[in-house]
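Student: Input my_file29.cif, format and content: mmCIF, C-alpha atoms, pLDDT in the B column; chains and numbers go by the auth columns.
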```cif
data_upload
loop_
_atom_site.group_PDB
_atom_site.id
_atom_site.type_symbol
_atom_site.label_atom_id
_atom_site.label_comp_id
_atom_site.label_asym_id
_atom_site.label_seq_id
_atom_site.Cartn_x
_atom_site.Cartn_y
_atom_site.Cartn_z
_atom_site.B_iso_or_equiv
_atom_site.auth_seq_id
_atom_site.auth_asym_id
ATOM 1 C CA MET A 1 -246.222 59.623 -57.487 87.00 1 V
ATOM 2 C CA PRO A 2 -245.027 62.056 -60.183 90.00 2 V
ATOM 3 C CA LYS A 3 -241.505 63.434 -60.223 88.00 3 V
ATOM 4 C CA VAL A 4 -240.946 66.823 -58.578 90.00 4 V
ATOM 5 C CA LYS A 5 -239.906 69.377 -61.174 93.00 5 V
ATOM 6 C CA THR A 6 -237.034 71.821 -60.756 94.00 6 V
ATOM 7 C CA LYS A 7 -237.952 75.524 -60.852 95.00 7 V
ATOM 8 C CA SER A 8 -237.020 76.559 -64.387 95.00 8 V
ATOM 9 C CA GLY A 9 -235.916 80.083 -63.378 95.00 9 V
ATOM 10 C CA ALA A 10 -233.542 78.714 -60.743 95.00 10 V
ATOM 11 C CA LYS A 11 -232.196 76.163 -63.215 95.00 11 V
ATOM 12 C CA LYS A 12 -231.105 79.034 -65.488 95.00 12 V
ATOM 13 C CA ARG A 13 -229.623 81.199 -62.724 96.00 13 V
ATOM 14 C CA PHE A 14 -227.638 78.781 -60.557 96.00 14 V
ATOM 15 C CA LYS A 15 -224.963 76.181 -61.254 95.00 15 V
ATOM 16 C CA LEU A 16 -223.569 73.512 -58.970 94.00 16 V
ATOM 17 C CA SER A 17 -219.775 73.472 -58.587 93.00 17 V
ATOM 18 C CA ALA A 18 -217.676 70.313 -58.438 93.00 18 V
ATOM 19 C CA THR A 19 -217.301 70.714 -54.659 92.00 19 V
ATOM 20 C CA GLY A 20 -221.075 71.009 -54.203 91.00 20 V
ATOM 21 C CA LYS A 21 -221.304 74.778 -53.721 94.00 21 V
ATOM 22 C CA ILE A 22 -223.958 76.756 -55.572 96.00 22 V
ATOM 23 C CA ARG A 23 -222.587 79.370 -57.992 97.00 23 V
ATOM 24 C CA ARG A 24 -224.389 82.497 -59.178 97.00 24 V
ATOM 25 C CA LYS A 25 -223.815 85.432 -61.500 96.00 25 V
ATOM 26 C CA HIS A 26 -223.308 88.999 -60.284 96.00 26 V
ATOM 27 C CA ALA A 27 -225.861 91.724 -60.881 95.00 27 V
ATOM 28 C CA TYR A 28 -225.192 95.153 -62.462 95.00 28 V
ATOM 29 C CA LYS A 29 -223.384 93.820 -65.544 94.00 29 V
ATOM 30 C CA SER A 30 -226.022 94.386 -68.248 94.00 30 V
ATOM 31 C CA HIS A 31 -226.286 98.132 -68.943 96.00 31 V
ATOM 32 C CA ILE A 32 -224.904 101.582 -68.030 96.00 32 V
ATOM 33 C CA LEU A 33 -221.414 100.138 -68.283 96.00 33 V
ATOM 34 C CA THR A 34 -219.629 103.333 -69.357 97.00 34 V
ATOM 35 C CA LYS A 35 -219.494 104.833 -65.861 97.00 35 V
ATOM 36 C CA LYS A 36 -218.295 101.583 -64.257 97.00 36 V
ATOM 37 C CA SER A 37 -214.558 101.000 -64.033 97.00 37 V
ATOM 38 C CA THR A 38 -212.878 98.225 -65.992 97.00 38 V
ATOM 39 C CA LYS A 39 -211.854 96.512 -62.745 97.00 39 V
ATOM 40 C CA ARG A 40 -215.419 96.574 -61.450 97.00 40 V
ATOM 41 C CA LYS A 41 -216.817 95.145 -64.702 97.00 41 V
ATOM 42 C CA ARG A 42 -214.164 92.428 -64.763 97.00 42 V
ATOM 43 C CA ASN A 43 -214.961 91.370 -61.205 96.00 43 V
ATOM 44 C CA LEU A 44 -218.702 91.327 -61.964 96.00 44 V
ATOM 45 C CA THR A 45 -218.042 88.844 -64.785 96.00 45 V
ATOM 46 C CA LYS A 46 -216.707 86.220 -62.358 95.00 46 V
ATOM 47 C CA MET A 47 -219.093 83.782 -60.729 95.00 47 V
ATOM 48 C CA GLY A 48 -219.935 84.249 -57.059 95.00 48 V
ATOM 49 C CA GLU A 49 -221.180 81.834 -54.441 96.00 49 V
ATOM 50 C CA VAL A 50 -224.634 81.792 -52.904 96.00 50 V
ATOM 51 C CA HIS A 51 -224.514 82.856 -49.251 96.00 51 V
ATOM 52 C CA GLU A 52 -225.004 80.105 -46.681 95.00 52 V
ATOM 53 C CA THR A 53 -228.227 81.708 -45.399 96.00 53 V
ATOM 54 C CA ASP A 54 -229.788 81.478 -48.885 96.00 54 V
ATOM 55 C CA GLU A 55 -228.368 78.071 -49.741 95.00 55 V
ATOM 56 C CA GLY A 56 -231.333 76.133 -48.330 94.00 56 V
ATOM 57 C CA ARG A 57 -233.870 78.068 -50.379 95.00 57 V
ATOM 58 C CA VAL A 58 -231.858 77.681 -53.585 96.00 58 V
ATOM 59 C CA LYS A 59 -231.409 73.946 -52.971 95.00 59 V
ATOM 60 C CA ALA A 60 -235.159 73.644 -52.486 94.00 60 V
ATOM 61 C CA MET A 61 -235.775 75.392 -55.819 95.00 61 V
ATOM 62 C CA LEU A 62 -233.229 73.160 -57.555 94.00 62 V
ATOM 63 C CA ARG A 63 -234.641 70.099 -55.747 93.00 63 V
ATOM 64 C CA ILE A 64 -231.219 69.190 -54.320 88.00 64 V
ATOM 65 C CA GLY A 65 -231.179 67.175 -51.104 76.00 65 V
ATOM 66 C CA LYS A 66 -230.040 68.958 -47.948 61.00 66 V
#
```
Kindly return the structure encoded in the file as structure tokens.
Tutor:
Amino acid sequence: MPKVKTKSGAKKRFKLSATGKIRRKHAYKSHILTKKSTKRKRNLTKMGEVHETDEGRVKAMLRIGK
């Protein structure tokens, strides 16, 4: 039986934290930055967590056991 491959797009977008939570980047940080406040841009730089309702789907894409 061949190994099951991880989805390459998910591999680039999500990281696993030391406590086992899935981390993600925020959207809206790539362009049209002049009208956004410095505080908003700074907070968008920080990593966020994947919501618990989406966690199962992301784990399936990353081939992480439940």
Student: Could you tell me which of V:Ala10, V:Leu44, V:Met1, V:Ala60 comes closest to V:Tyr28 if we count all atoms listed in the file?
Tutor: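 Among V:Ala10, V:Leu44, V:Met1, V:Ala60, it is V:Leu44 that comes nearest to V:Tyr28.
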Student: So, counting only C-alpha atoms, which residue among V:Lys35, V:Lys21, V:His26, V:Lys7 is closest to V:Glu55?
Tutor: V:Lys21
Student: Calculated over only C-alpha atoms, which of the candidates V:Arg23, V:Lys29, V:Lys39, V:Arg63 has the smallest distance to V:Ser8?
Tutor: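 Checking each of V:Arg23, V:Lys29, V:Lys39, V:Arg63 against V:Ser8, counting only C-alpha atoms, the winner is V:Arg63.
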Student: Step by step, work through what the PyMOL selection byres ((chain V and resi 45) around 12) selects in the shown file, and finish by giving those residues as a list in words.
Tutor: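 On the file shown, the PyMOL selection byres ((chain V and resi 45) around 12) covers Arg24, Lys25, His26, Ala27, Tyr28, Lys29, Ser30, Thr38, Lys39, Arg40, Lys41, Arg42, Asn43, Leu44, Lys46, Met47 and Gly48 of chain V.
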Student: Neighbours of V:Lys59 within 12 Å (all atoms listed in the file; same-chain residues fewer than 5 positions away dropped), as a list of chain:residue names?
Tutor: V:Thr6, V:Lys7, V:Ala10, V:Lys11, V:Phe14, V:Lys15, V:Leu16, V:Gly20, V:Lys21, V:Ile22, V:Arg23, V:Val50, V:His51, V:Glu52, V:Thr53, V:Asp54, V:Ile64, V:Gly65, V:Lys66
Student: Could you please determine the separation between atom CA of V:Gly9 and atom CA of V:Val58 in Å, to one decimal place?
Tutor: 10.9 Å
Student: To one decimal place, how far is atom CA of V:Arg13 from atom CA of V:Leu33 in Å?
Tutor: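 Pair atom CA of V:Arg13 / atom CA of V:Leu33 returns 21.4 Å.
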Student: Which centre and which edge lengths, in Å to one decimal, describe the axis-aligned box that holds all listed atoms of stretch 41-49 of chain V after 6 Å is added on each side, as AutoDock Vina command-line options?
Tutor:
```
--center_x -217.7 --center_y 88.5 --center_z -59.6 --size_x 19.0 --size_y 25.3 --size_z 22.3
```
Student: Atoms are missing here; could stretch 13-44 of chain V be completed with N, CA and C atoms and written as a PDB file, in the frame of the given file?
Tutor:
```pdb
ATOM      1  N   ARG V  13    -230.410  80.220 -63.470  1.00 96.00           N
ATOM      2  CA  ARG V  13    -229.623  81.199 -62.724  1.00 96.00           C
ATOM      3  C   ARG V  13    -228.501  80.615 -61.879  1.00 96.00           C
ATOM      4  N   PHE V  14    -228.612  79.371 -61.473  1.00 96.00           N
ATOM      5  CA  PHE V  14    -227.638  78.781 -60.557  1.00 96.00           C
ATOM      6  C   PHE V  14    -226.987  77.548 -61.162  1.00 96.00           C
ATOM      7  N   LYS V  15    -225.705  77.359 -60.820  1.00 95.00           N
ATOM      8  CA  LYS V  15    -224.963  76.181 -61.254  1.00 95.00           C
ATOM      9  C   LYS V  15    -224.336  75.541 -60.026  1.00 95.00           C
ATOM     10  N   LEU V  16    -224.187  74.242 -60.066  1.00 94.00           N
ATOM     11  CA  LEU V  16    -223.569  73.512 -58.970  1.00 94.00           C
ATOM     12  C   LEU V  16    -222.103  73.293 -59.296  1.00 94.00           C
ATOM     13  N   SER V  17    -221.210  73.650 -58.357  1.00 93.00           N
ATOM     14  CA  SER V  17    -219.775  73.472 -58.587  1.00 93.00           C
ATOM     15  C   SER V  17    -219.386  72.028 -58.307  1.00 93.00           C
ATOM     16  N   ALA V  18    -218.154  71.680 -58.642  1.00 93.00           N
ATOM     17  CA  ALA V  18    -217.676  70.313 -58.438  1.00 93.00           C
ATOM     18  C   ALA V  18    -217.605  69.960 -56.959  1.00 93.00           C
ATOM     19  N   THR V  19    -217.385  70.960 -56.099  1.00 92.00           N
ATOM     20  CA  THR V  19    -217.301  70.714 -54.659  1.00 92.00           C
ATOM     21  C   THR V  19    -218.662  70.749 -53.981  1.00 92.00           C
ATOM     22  N   GLY V  20    -219.726  71.023 -54.763  1.00 91.00           N
ATOM     23  CA  GLY V  20    -221.075  71.009 -54.203  1.00 91.00           C
ATOM     24  C   GLY V  20    -221.607  72.364 -53.806  1.00 91.00           C
ATOM     25  N   LYS V  21    -220.834  73.439 -54.046  1.00 94.00           N
ATOM     26  CA  LYS V  21    -221.304  74.778 -53.721  1.00 94.00           C
ATOM     27  C   LYS V  21    -222.163  75.300 -54.872  1.00 94.00           C
ATOM     28  N   ILE V  22    -223.072  76.200 -54.559  1.00 96.00           N
ATOM     29  CA  ILE V  22    -223.958  76.756 -55.572  1.00 96.00           C
ATOM     30  C   ILE V  22    -223.359  78.072 -56.059  1.00 96.00           C
ATOM     31  N   ARG V  23    -223.178  78.194 -57.378  1.00 97.00           N
ATOM     32  CA  ARG V  23    -222.587  79.370 -57.992  1.00 97.00           C
ATOM     33  C   ARG V  23    -223.678  80.238 -58.594  1.00 97.00           C
ATOM     34  N   ARG V  24    -223.430  81.549 -58.631  1.00 97.00           N
ATOM     35  CA  ARG V  24    -224.389  82.497 -59.178  1.00 97.00           C
ATOM     36  C   ARG V  24    -223.647  83.584 -59.934  1.00 97.00           C
ATOM     37  N   LYS V  25    -224.389  84.299 -60.777  1.00 96.00           N
ATOM     38  CA  LYS V  25    -223.815  85.432 -61.500  1.00 96.00           C
ATOM     39  C   LYS V  25    -224.031  86.702 -60.695  1.00 96.00           C
ATOM     40  N   HIS V  26    -223.171  87.701 -60.938  1.00 96.00           N
ATOM     41  CA  HIS V  26    -223.308  88.999 -60.284  1.00 96.00           C
ATOM     42  C   HIS V  26    -224.329  89.858 -61.020  1.00 96.00           C
ATOM     43  N   ALA V  27    -224.943  90.750 -60.289  1.00 95.00           N
ATOM     44  CA  ALA V  27    -225.861  91.724 -60.881  1.00 95.00           C
ATOM     45  C   ALA V  27    -225.074  92.936 -61.383  1.00 95.00           C
ATOM     46  N   TYR V  28    -225.757  93.878 -62.008  1.00 95.00           N
ATOM     47  CA  TYR V  28    -225.192  95.153 -62.462  1.00 95.00           C
ATOM     48  C   TYR V  28    -224.168  94.997 -63.582  1.00 95.00           C
ATOM     49  N   LYS V  29    -224.335  94.025 -64.458  1.00 94.00           N
ATOM     50  CA  LYS V  29    -223.384  93.820 -65.544  1.00 94.00           C
ATOM     51  C   LYS V  29    -224.063  93.911 -66.910  1.00 94.00           C
ATOM     52  N   SER V  30    -225.297  94.425 -66.978  1.00 94.00           N
ATOM     53  CA  SER V  30    -226.022  94.386 -68.248  1.00 94.00           C
ATOM     54  C   SER V  30    -226.079  95.726 -68.977  1.00 94.00           C
ATOM     55  N   HIS V  31    -226.201  96.835 -68.264  1.00 96.00           N
ATOM     56  CA  HIS V  31    -226.286  98.132 -68.943  1.00 96.00           C
ATOM     57  C   HIS V  31    -225.681  99.222 -68.080  1.00 96.00           C
ATOM     58  N   ILE V  32    -225.575 100.430 -68.645  1.00 96.00           N
ATOM     59  CA  ILE V  32    -224.904 101.582 -68.030  1.00 96.00           C
ATOM     60  C   ILE V  32    -223.486 101.172 -67.615  1.00 96.00           C
ATOM     61  N   LEU V  33    -222.752 100.642 -68.568  1.00 96.00           N
ATOM     62  CA  LEU V  33    -221.414 100.138 -68.283  1.00 96.00           C
ATOM     63  C   LEU V  33    -220.335 101.197 -68.469  1.00 96.00           C
ATOM     64  N   THR V  34    -220.662 102.334 -69.073  1.00 97.00           N
ATOM     65  CA  THR V  34    -219.629 103.333 -69.357  1.00 97.00           C
ATOM     66  C   THR V  34    -219.094 103.992 -68.089  1.00 97.00           C
ATOM     67  N   LYS V  35    -219.943 104.174 -67.091  1.00 97.00           N
ATOM     68  CA  LYS V  35    -219.494 104.833 -65.861  1.00 97.00           C
ATOM     69  C   LYS V  35    -218.821 103.867 -64.884  1.00 97.00           C
ATOM     70  N   LYS V  36    -218.917 102.565 -65.144  1.00 97.00           N
ATOM     71  CA  LYS V  36    -218.295 101.583 -64.257  1.00 97.00           C
ATOM     72  C   LYS V  36    -216.854 101.349 -64.691  1.00 97.00           C
ATOM     73  N   SER V  37    -215.975 101.188 -63.721  1.00 97.00           N
ATOM     74  CA  SER V  37    -214.558 101.000 -64.033  1.00 97.00           C
ATOM     75  C   SER V  37    -214.330  99.618 -64.641  1.00 97.00           C
ATOM     76  N   THR V  38    -213.230  99.496 -65.352  1.00 97.00           N
ATOM     77  CA  THR V  38    -212.878  98.225 -65.992  1.00 97.00           C
ATOM     78  C   THR V  38    -212.692  97.137 -64.950  1.00 97.00           C
ATOM     79  N   LYS V  39    -212.078  97.481 -63.833  1.00 97.00           N
ATOM     80  CA  LYS V  39    -211.854  96.512 -62.745  1.00 97.00           C
ATOM     81  C   LYS V  39    -213.182  96.016 -62.181  1.00 97.00           C
ATOM     82  N   ARG V  40    -214.104  96.937 -61.995  1.00 97.00           N
ATOM     83  CA  ARG V  40    -215.419  96.574 -61.450  1.00 97.00           C
ATOM     84  C   ARG V  40    -216.173  95.651 -62.408  1.00 97.00           C
ATOM     85  N   LYS V  41    -216.137  95.978 -63.709  1.00 97.00           N
ATOM     86  CA  LYS V  41    -216.817  95.145 -64.702  1.00 97.00           C
ATOM     87  C   LYS V  41    -216.181  93.766 -64.798  1.00 97.00           C
ATOM     88  N   ARG V  42    -214.868  93.710 -64.706  1.00 97.00           N
ATOM     89  CA  ARG V  42    -214.164  92.428 -64.763  1.00 97.00           C
ATOM     90  C   ARG V  42    -214.533  91.549 -63.574  1.00 97.00           C
ATOM     91  N   ASN V  43    -214.608  92.139 -62.394  1.00 96.00           N
ATOM     92  CA  ASN V  43    -214.961  91.370 -61.205  1.00 96.00           C
ATOM     93  C   ASN V  43    -216.424  90.941 -61.205  1.00 96.00           C
ATOM     94  N   LEU V  44    -217.295  91.710 -61.864  1.00 96.00           N
ATOM     95  CA  LEU V  44    -218.702  91.327 -61.964  1.00 96.00           C
ATOM     96  C   LEU V  44    -218.898  90.154 -62.917  1.00 96.00           C
TER      97      LEU V  44
END
```
